[in-house]
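Participant: This is final_10.csv (CSV, C-alpha atoms).
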chain,number,residue,atom,x,y,z
A,377,MET,CA,36.8,17.7,35.2
A,378,MET,CA,36.8,17.8,39.0
A,379,GLU,CA,34.5,20.2,40.9
A,380,LEU,CA,36.2,21.4,44.0
A,381,ASP,CA,34.4,22.4,47.3
A,382,PRO,CA,36.9,24.9,48.7
A,383,ASN,CA,37.0,26.0,52.3
A,384,TRP,CA,38.1,29.6,51.6
A,385,GLU,CA,39.9,31.7,54.2
A,386,PHE,CA,40.9,35.3,54.4
A,387,VAL,CA,44.5,36.4,54.5
A,388,ALA,CA,45.8,40.0,54.5
A,389,ASP,CA,49.2,41.8,54.5
A,390,THR,CA,48.6,42.5,58.2
A,391,ILE,CA,50.5,39.3,58.9
A,392,MET,CA,53.6,41.2,57.7
A,393,GLY,CA,52.8,44.6,59.2
A,394,GLY,CA,50.6,46.0,56.3
A,395,VAL,CA,47.3,47.8,56.8
A,396,SER,CA,45.1,46.5,54.0
A,397,ARG,CA,41.7,45.4,55.2
A,398,GLY,CA,38.9,43.2,53.9
A,399,GLN,CA,36.8,40.1,54.4
A,400,VAL,CA,35.6,36.9,52.8
A,401,ALA,CA,31.9,36.0,53.0
A,402,GLN,CA,29.5,33.5,51.6
A,403,THR,CA,26.8,35.5,49.8
A,404,GLN,CA,24.6,35.8,46.8
A,405,VAL,CA,26.1,37.6,43.9
A,406,ALA,CA,24.1,38.2,40.7
A,407,GLY,CA,21.9,35.2,41.4
A,408,ARG,CA,24.6,32.8,42.4
A,409,ALA,CA,25.9,31.5,45.7
A,410,ALA,CA,29.5,32.6,45.9
A,411,MET,CA,32.4,33.3,48.1
A,412,ARG,CA,33.1,37.1,47.9
A,413,LEU,CA,36.4,38.9,48.7
A,414,THR,CA,35.9,42.6,49.5
A,415,GLY,CA,38.0,45.3,51.0
A,416,GLU,CA,40.7,47.9,50.4
A,417,VAL,CA,44.3,47.2,49.4
A,418,SER,CA,46.8,49.7,50.9
A,419,THR,CA,50.5,49.9,50.1
A,420,ASP,CA,51.1,51.8,53.4
A,421,SER,CA,53.5,50.2,55.9
A,422,GLY,CA,55.0,47.9,53.2
A,423,GLY,CA,51.8,46.1,52.6
A,424,GLY,CA,49.7,45.6,49.5
A,425,PHE,CA,47.4,42.6,49.4
A,426,ILE,CA,44.3,40.8,50.6
A,427,GLN,CA,43.3,37.3,49.4
A,428,MET,CA,41.0,34.4,49.7
A,429,ALA,CA,42.6,31.0,49.6
A,430,PHE,CA,42.1,27.4,50.3
A,431,ASP,CA,44.2,24.4,50.9
A,432,PHE,CA,44.2,21.5,48.5
A,433,ALA,CA,45.2,17.9,49.3
A,434,GLN,CA,44.4,15.9,46.2
A,435,ASP,CA,46.6,14.8,43.3
A,436,ALA,CA,45.9,17.1,40.4
A,437,SER,CA,48.3,15.3,38.0
A,438,ASP,CA,45.4,14.1,35.8
A,439,HIS,CA,44.4,17.7,35.1
A,440,THR,CA,45.8,20.4,32.8
A,441,GLY,CA,44.4,23.5,34.4
A,442,ILE,CA,42.0,25.2,36.8
A,443,ALA,CA,38.7,27.0,36.0
A,444,LEU,CA,37.0,29.6,38.2
A,445,ASP,CA,33.6,31.1,37.8
A,446,VAL,CA,34.2,34.8,38.7
A,447,CYS,CA,32.3,38.1,38.9
A,448,GLY,CA,33.7,41.3,40.2
A,449,ASN,CA,34.4,45.0,39.7
A,450,GLY,CA,36.4,44.9,36.5
A,451,GLN,CA,39.7,45.0,38.4
A,452,ARG,CA,42.8,42.8,37.9
A,453,TYR,CA,43.5,40.0,40.3
A,454,ASP,CA,46.0,37.2,40.6
A,455,LEU,CA,45.4,33.5,40.7
A,456,ARG,CA,48.2,32.0,42.8
A,457,LEU,CA,48.9,28.4,43.2
A,458,ARG,CA,51.4,26.9,45.7
A,459,THR,CA,53.0,23.5,45.7
A,460,THR,CA,54.9,21.5,48.3
A,461,ARG,CA,58.2,22.6,46.6
A,462,LEU,CA,57.6,26.2,47.6
A,463,THR,CA,59.1,27.0,51.0
A,464,ARG,CA,58.8,30.8,51.2
A,465,ALA,CA,55.5,32.8,51.6
A,466,TRP,CA,56.4,35.0,48.6
A,467,GLN,CA,56.9,32.1,46.2
A,468,SER,CA,54.0,31.0,43.9
A,469,PHE,CA,52.9,30.1,40.4
A,470,ARG,CA,50.6,32.8,39.1
A,471,CYS,CA,48.5,34.2,36.4
A,472,ASP,CA,46.5,37.5,36.5
A,473,PHE,CA,42.9,37.9,35.3
A,474,THR,CA,40.3,40.6,35.2
A,475,ALA,CA,37.1,39.9,37.2
A,476,PRO,CA,34.3,41.1,34.8
A,477,THR,CA,31.1,42.6,36.1
A,478,ALA,CA,29.1,39.5,34.8
A,479,TRP,CA,29.7,35.9,35.7
A,480,THR,CA,32.4,34.5,33.5
A,481,THR,CA,34.4,31.3,33.6
A,482,ILE,CA,38.2,31.9,33.5
A,483,THR,CA,40.3,28.8,32.6
A,484,VAL,CA,44.0,28.9,33.3
A,485,PRO,CA,46.0,26.1,31.9
A,486,PHE,CA,48.8,25.0,34.3
A,487,ALA,CA,51.3,25.7,31.4
A,488,MET,CA,50.4,29.4,31.5
A,489,LEU,CA,51.4,29.8,35.2
A,490,VAL,CA,54.5,31.9,35.8
A,491,ALA,CA,56.9,30.9,38.5
A,492,HIS,CA,57.5,33.8,40.9
A,493,ARG,CA,60.7,34.0,42.9
A,494,THR,CA,61.4,30.3,42.6
A,495,GLU,CA,63.3,28.1,40.2
A,496,ALA,CA,60.8,25.3,40.9
A,497,VAL,CA,58.7,23.9,38.0
A,498,PHE,CA,54.9,23.6,38.5
A,499,ASP,CA,53.9,20.0,39.2
A,500,PRO,CA,50.2,19.5,39.5
A,501,SER,CA,50.7,16.4,41.7
A,502,GLU,CA,52.2,18.8,44.3
A,503,LEU,CA,49.5,21.4,44.3
A,504,ARG,CA,48.6,22.4,47.9
A,505,ARG,CA,47.0,25.8,47.9
A,506,VAL,CA,44.9,28.0,45.6
A,507,GLY,CA,44.4,31.8,46.1
A,508,VAL,CA,42.7,34.7,44.5
A,509,VAL,CA,44.7,37.8,45.4
A,510,ALA,CA,44.1,41.5,45.2
A,511,VAL,CA,47.7,42.9,45.2
A,512,GLY,CA,50.2,45.5,44.3
A,513,ARG,CA,48.3,48.7,44.1
A,514,GLU,CA,45.7,50.7,46.1
A,515,PHE,CA,42.2,49.8,45.0
A,516,ALA,CA,38.8,48.7,46.2
A,517,VAL,CA,38.4,45.0,46.0
A,518,ASP,CA,35.3,43.1,45.0
A,519,VAL,CA,35.6,39.7,43.5
A,520,ALA,CA,33.4,36.6,43.9
A,521,VAL,CA,34.0,33.0,43.0
A,522,SER,CA,31.0,30.6,42.6
A,523,GLY,CA,32.8,27.6,41.3
A,524,VAL,CA,36.3,26.1,41.1
A,525,ARG,CA,37.2,23.1,38.9
A,526,LEU,CA,40.3,21.2,37.8
A,527,VAL,CA,40.1,20.8,34.0
Give the structure from the file, written as structure tokens.

Facilitator:
Amino acid sequence: MMELDPNWEFVADTIMGGVSRGQVAQTQVAGRAAMRLTGEVSTDSGGGFIQMAFDFAQDASDHTGIALDVCGNGQRYDLRLRTTRLTRAWQSFRCDFTAPTAWTTITVPFAMLVAHRTEAVFDPSELRRVGVVAVGREFAVDVAVSGVRLV
């Protein structure tokens, strides 16, 4: 197991003309230090997402998956991973999850990731970005992550 120390950043559909809004902030959530993504997803103007993501530069080939400690508002979110093989912004390897209202560890084996709009095969040695994404429908976003580990 490898504990990660991510440098989360906020990204929204406004980079493509959308109007979703939100923020990422380091805060206390239910007794834990966490990075929290909050905001509103809007599908107006062709948009529909906000996310918190971090770049990853290590070789993950000795690992079989990723685990996140999450707490949220009971809504569905996406875990999206990107590798060096993906050249388009809309390409990813993904798996959705529900962010429960109490702290829970969600473990996603790399084998469960679904390739989106790519023929590439996920290779953990090429992992370069990890994101938690609120996407695809209008809703209030509130999801926090207190820990990320390769398993």

Participant: Tell me which of A:Leu462, A:Val484, A:Met428, A:Leu526 sits closest to Gln402 in chain A, counting only C-alpha atoms.

Facilitator: A:Met428

Participant: Using all atoms listed in the file, can you tell me which of A:Ala475, A:Val405, A:Val511, A:Ala465 comes closest to Leu444 in chain A?

Facilitator: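 Looking only at the distances to Leu444 in chain A, the closest residue turns out to be A:Ala475.
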
Participant: What lies within 8 Å of Gly423 in chain A using only C-alpha atoms, ignoring chain neighbours under 2 positions off, as an NGL selection string?

Facilitator: :A and (389-390 or 392-396 or 418-421 or 425)

Participant: Identify which of the residues A:Leu503, A:Thr414, A:Leu455, A:Val517 lies closest to Ser437 in chain A, counting all atoms listed in the file when measuring atom-to-atom distances.

Facilitator: A:Leu503

Participant: Neighbouring residues of Ala496 in chain A were defined as those with any atom within 10 Å, considering all atoms listed in the file; residues of the same chain fewer than 6 positions away were excluded. Please report them as a list of chain:residue names.

Facilitator: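 Non-adjacent residues within range: A:Thr459, A:Arg461, A:Leu462, A:Gln467, A:Ser468, A:Phe469.
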
Participant: Separation of CA of Arg470 in chain A and CA of Ala409 in chain A, in Å?

Facilitator: 25.6 Å

Participant: Taking only C-alpha atoms into account, which of A:Thr480, A:Gln404, A:Asn449, A:Gln434 comes nearest Asp518 in chain A?

Facilitator: A:Asn449

Participant: How many Å separate CA of Glu514 in chain A from CA of Ala491 in chain A?

Facilitator: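 Going from CA of Glu514 in chain A over to CA of Ala491 in chain A, I get 24.0 Å.
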
Participant: Tell me which of A:Ala443, A:Ala401, A:Ala388, A:Ala429 sits closest to Arg525 in chain A, counting all atoms listed in the file.

Facilitator: A:Ala443

Participant: Measuring atom to atom with all atoms listed in the file, identify which of A:Ile442, A:Val524, A:Cys447, A:Val508 is nearest to Thr483 in chain A.

Facilitator: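 Under the stated criterion, the closest residue is A:Ile442.
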
Participant: For a test of reading the model, state the distance in Å between CA of Asp454 in chain A and CA of His492 in chain A, rounded to one decimal.

Facilitator: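 If I compute the distance from CA of Asp454 in chain A to CA of His492 in chain A, I get 12.0 Å.
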
Participant: Could you list as a PyMOL selection string every residue that has an atom within 7 Å of (48.0, 20.9, 41.5), using the file's coordinates and counting all atoms listed in the file?

Facilitator: chain A and resi 435-437+499-504

Participant: Kindly reconstruct range 401-426 of chain A with N, CA, C and O atoms and present the result as an mmCIF file, keeping the file's coordinate frame.

Facilitator:
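The resulting file, out21.cif, is reproduced below:
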data_model
loop_
_atom_site.group_PDB
_atom_site.id
_atom_site.type_symbol
_atom_site.label_atom_id
_atom_site.label_comp_id
_atom_site.auth_asym_id
_atom_site.auth_seq_id
_atom_site.Cartn_x
_atom_site.Cartn_y
_atom_site.Cartn_z
ATOM 1 N N ALA A 401 33.202 36.432 52.564
ATOM 2 C CA ALA A 401 31.900 36.000 53.000
ATOM 3 C C ALA A 401 31.149 35.227 51.991
ATOM 4 O O ALA A 401 31.254 35.508 50.796
ATOM 5 N N GLN A 402 30.395 34.233 52.463
ATOM 6 C CA GLN A 402 29.500 33.500 51.600
ATOM 7 C C GLN A 402 28.261 34.322 51.389
ATOM 8 O O GLN A 402 27.657 34.776 52.359
ATOM 9 N N THR A 403 27.891 34.569 50.128
ATOM 10 C CA THR A 403 26.800 35.500 49.800
ATOM 11 C C THR A 403 26.211 35.168 48.460
ATOM 12 O O THR A 403 26.759 34.356 47.714
ATOM 13 N N GLN A 404 25.132 35.835 48.112
ATOM 14 C CA GLN A 404 24.600 35.800 46.800
ATOM 15 C C GLN A 404 25.112 36.918 45.946
ATOM 16 O O GLN A 404 25.090 38.069 46.392
ATOM 17 N N VAL A 405 25.621 36.612 44.761
ATOM 18 C CA VAL A 405 26.100 37.600 43.900
ATOM 19 C C VAL A 405 25.524 37.381 42.480
ATOM 20 O O VAL A 405 25.730 36.304 41.911
ATOM 21 N N ALA A 406 24.763 38.335 41.999
ATOM 22 C CA ALA A 406 24.100 38.200 40.700
ATOM 23 C C ALA A 406 23.452 36.884 40.471
ATOM 24 O O ALA A 406 23.627 36.236 39.442
ATOM 25 N N GLY A 407 22.692 36.450 41.492
ATOM 26 C CA GLY A 407 21.900 35.200 41.400
ATOM 27 C C GLY A 407 22.598 33.933 41.683
ATOM 28 O O GLY A 407 22.015 32.867 41.527
ATOM 29 N N ARG A 408 23.863 33.992 42.123
ATOM 30 C CA ARG A 408 24.600 32.800 42.400
ATOM 31 C C ARG A 408 25.164 32.789 43.846
ATOM 32 O O ARG A 408 25.616 33.831 44.310
ATOM 33 N N ALA A 409 25.176 31.621 44.471
ATOM 34 C CA ALA A 409 25.900 31.500 45.700
ATOM 35 C C ALA A 409 27.370 31.567 45.447
ATOM 36 O O ALA A 409 27.863 30.910 44.525
ATOM 37 N N ALA A 410 28.081 32.391 46.195
ATOM 38 C CA ALA A 410 29.500 32.600 45.900
ATOM 39 C C ALA A 410 30.246 32.985 47.178
ATOM 40 O O ALA A 410 29.654 33.431 48.162
ATOM 41 N N MET A 411 31.556 32.808 47.112
ATOM 42 C CA MET A 411 32.400 33.300 48.100
ATOM 43 C C MET A 411 32.948 34.671 47.585
ATOM 44 O O MET A 411 33.443 34.727 46.462
ATOM 45 N N ARG A 412 32.827 35.739 48.394
ATOM 46 C CA ARG A 412 33.100 37.100 47.900
ATOM 47 C C ARG A 412 34.222 37.725 48.779
ATOM 48 O O ARG A 412 34.100 37.796 49.995
ATOM 49 N N LEU A 413 35.259 38.200 48.102
ATOM 50 C CA LEU A 413 36.400 38.900 48.700
ATOM 51 C C LEU A 413 36.124 40.418 48.506
ATOM 52 O O LEU A 413 36.023 40.854 47.356
ATOM 53 N N THR A 414 36.022 41.182 49.593
ATOM 54 C CA THR A 414 35.900 42.600 49.500
ATOM 55 C C THR A 414 36.826 43.304 50.442
ATOM 56 O O THR A 414 37.275 42.709 51.419
ATOM 57 N N GLY A 415 37.134 44.554 50.142
ATOM 58 C CA GLY A 415 38.000 45.300 51.000
ATOM 59 C C GLY A 415 38.767 46.383 50.292
ATOM 60 O O GLY A 415 38.391 46.796 49.188
ATOM 61 N N GLU A 416 39.860 46.819 50.901
ATOM 62 C CA GLU A 416 40.700 47.900 50.400
ATOM 63 C C GLU A 416 42.172 47.422 50.476
ATOM 64 O O GLU A 416 42.622 47.061 51.564
ATOM 65 N N VAL A 417 42.888 47.458 49.358
ATOM 66 C CA VAL A 417 44.300 47.200 49.400
ATOM 67 C C VAL A 417 45.027 48.520 49.640
ATOM 68 O O VAL A 417 44.734 49.518 48.987
ATOM 69 N N SER A 418 45.946 48.504 50.595
ATOM 70 C CA SER A 418 46.800 49.700 50.900
ATOM 71 C C SER A 418 48.231 49.304 50.781
ATOM 72 O O SER A 418 48.642 48.230 51.229
ATOM 73 N N THR A 419 49.014 50.194 50.185
ATOM 74 C CA THR A 419 50.500 49.900 50.100
ATOM 75 C C THR A 419 51.213 50.620 51.231
ATOM 76 O O THR A 419 52.435 50.572 51.271
ATOM 77 N N ASP A 420 50.484 51.225 52.178
ATOM 78 C CA ASP A 420 51.100 51.800 53.400
ATOM 79 C C ASP A 420 51.770 50.731 54.207
ATOM 80 O O ASP A 420 51.329 49.582 54.204
ATOM 81 N N SER A 421 52.796 51.096 54.924
ATOM 82 C CA SER A 421 53.500 50.200 55.900
ATOM 83 C C SER A 421 54.044 48.958 55.200
ATOM 84 O O SER A 421 54.112 47.894 55.807
ATOM 85 N N GLY A 422 54.409 49.062 53.924
ATOM 86 C CA GLY A 422 55.000 47.900 53.200
ATOM 87 C C GLY A 422 54.074 46.850 52.823
ATOM 88 O O GLY A 422 54.489 45.761 52.436
ATOM 89 N N GLY A 423 52.772 47.122 52.894
ATOM 90 C CA GLY A 423 51.800 46.100 52.600
ATOM 91 C C GLY A 423 51.385 46.156 51.107
ATOM 92 O O GLY A 423 52.072 46.729 50.269
ATOM 93 N N GLY A 424 50.236 45.562 50.842
ATOM 94 C CA GLY A 424 49.700 45.600 49.500
ATOM 95 C C GLY A 424 48.950 44.428 49.020
ATOM 96 O O GLY A 424 48.898 44.173 47.826
ATOM 97 N N PHE A 425 48.265 43.672 49.912
ATOM 98 C CA PHE A 425 47.400 42.600 49.400
ATOM 99 C C PHE A 425 46.368 42.151 50.409
ATOM 100 O O PHE A 425 46.527 42.306 51.620
ATOM 101 N N ILE A 426 45.283 41.621 49.867
ATOM 102 C CA ILE A 426 44.300 40.800 50.600
ATOM 103 C C ILE A 426 44.015 39.624 49.664
ATOM 104 O O ILE A 426 44.148 39.731 48.452
#
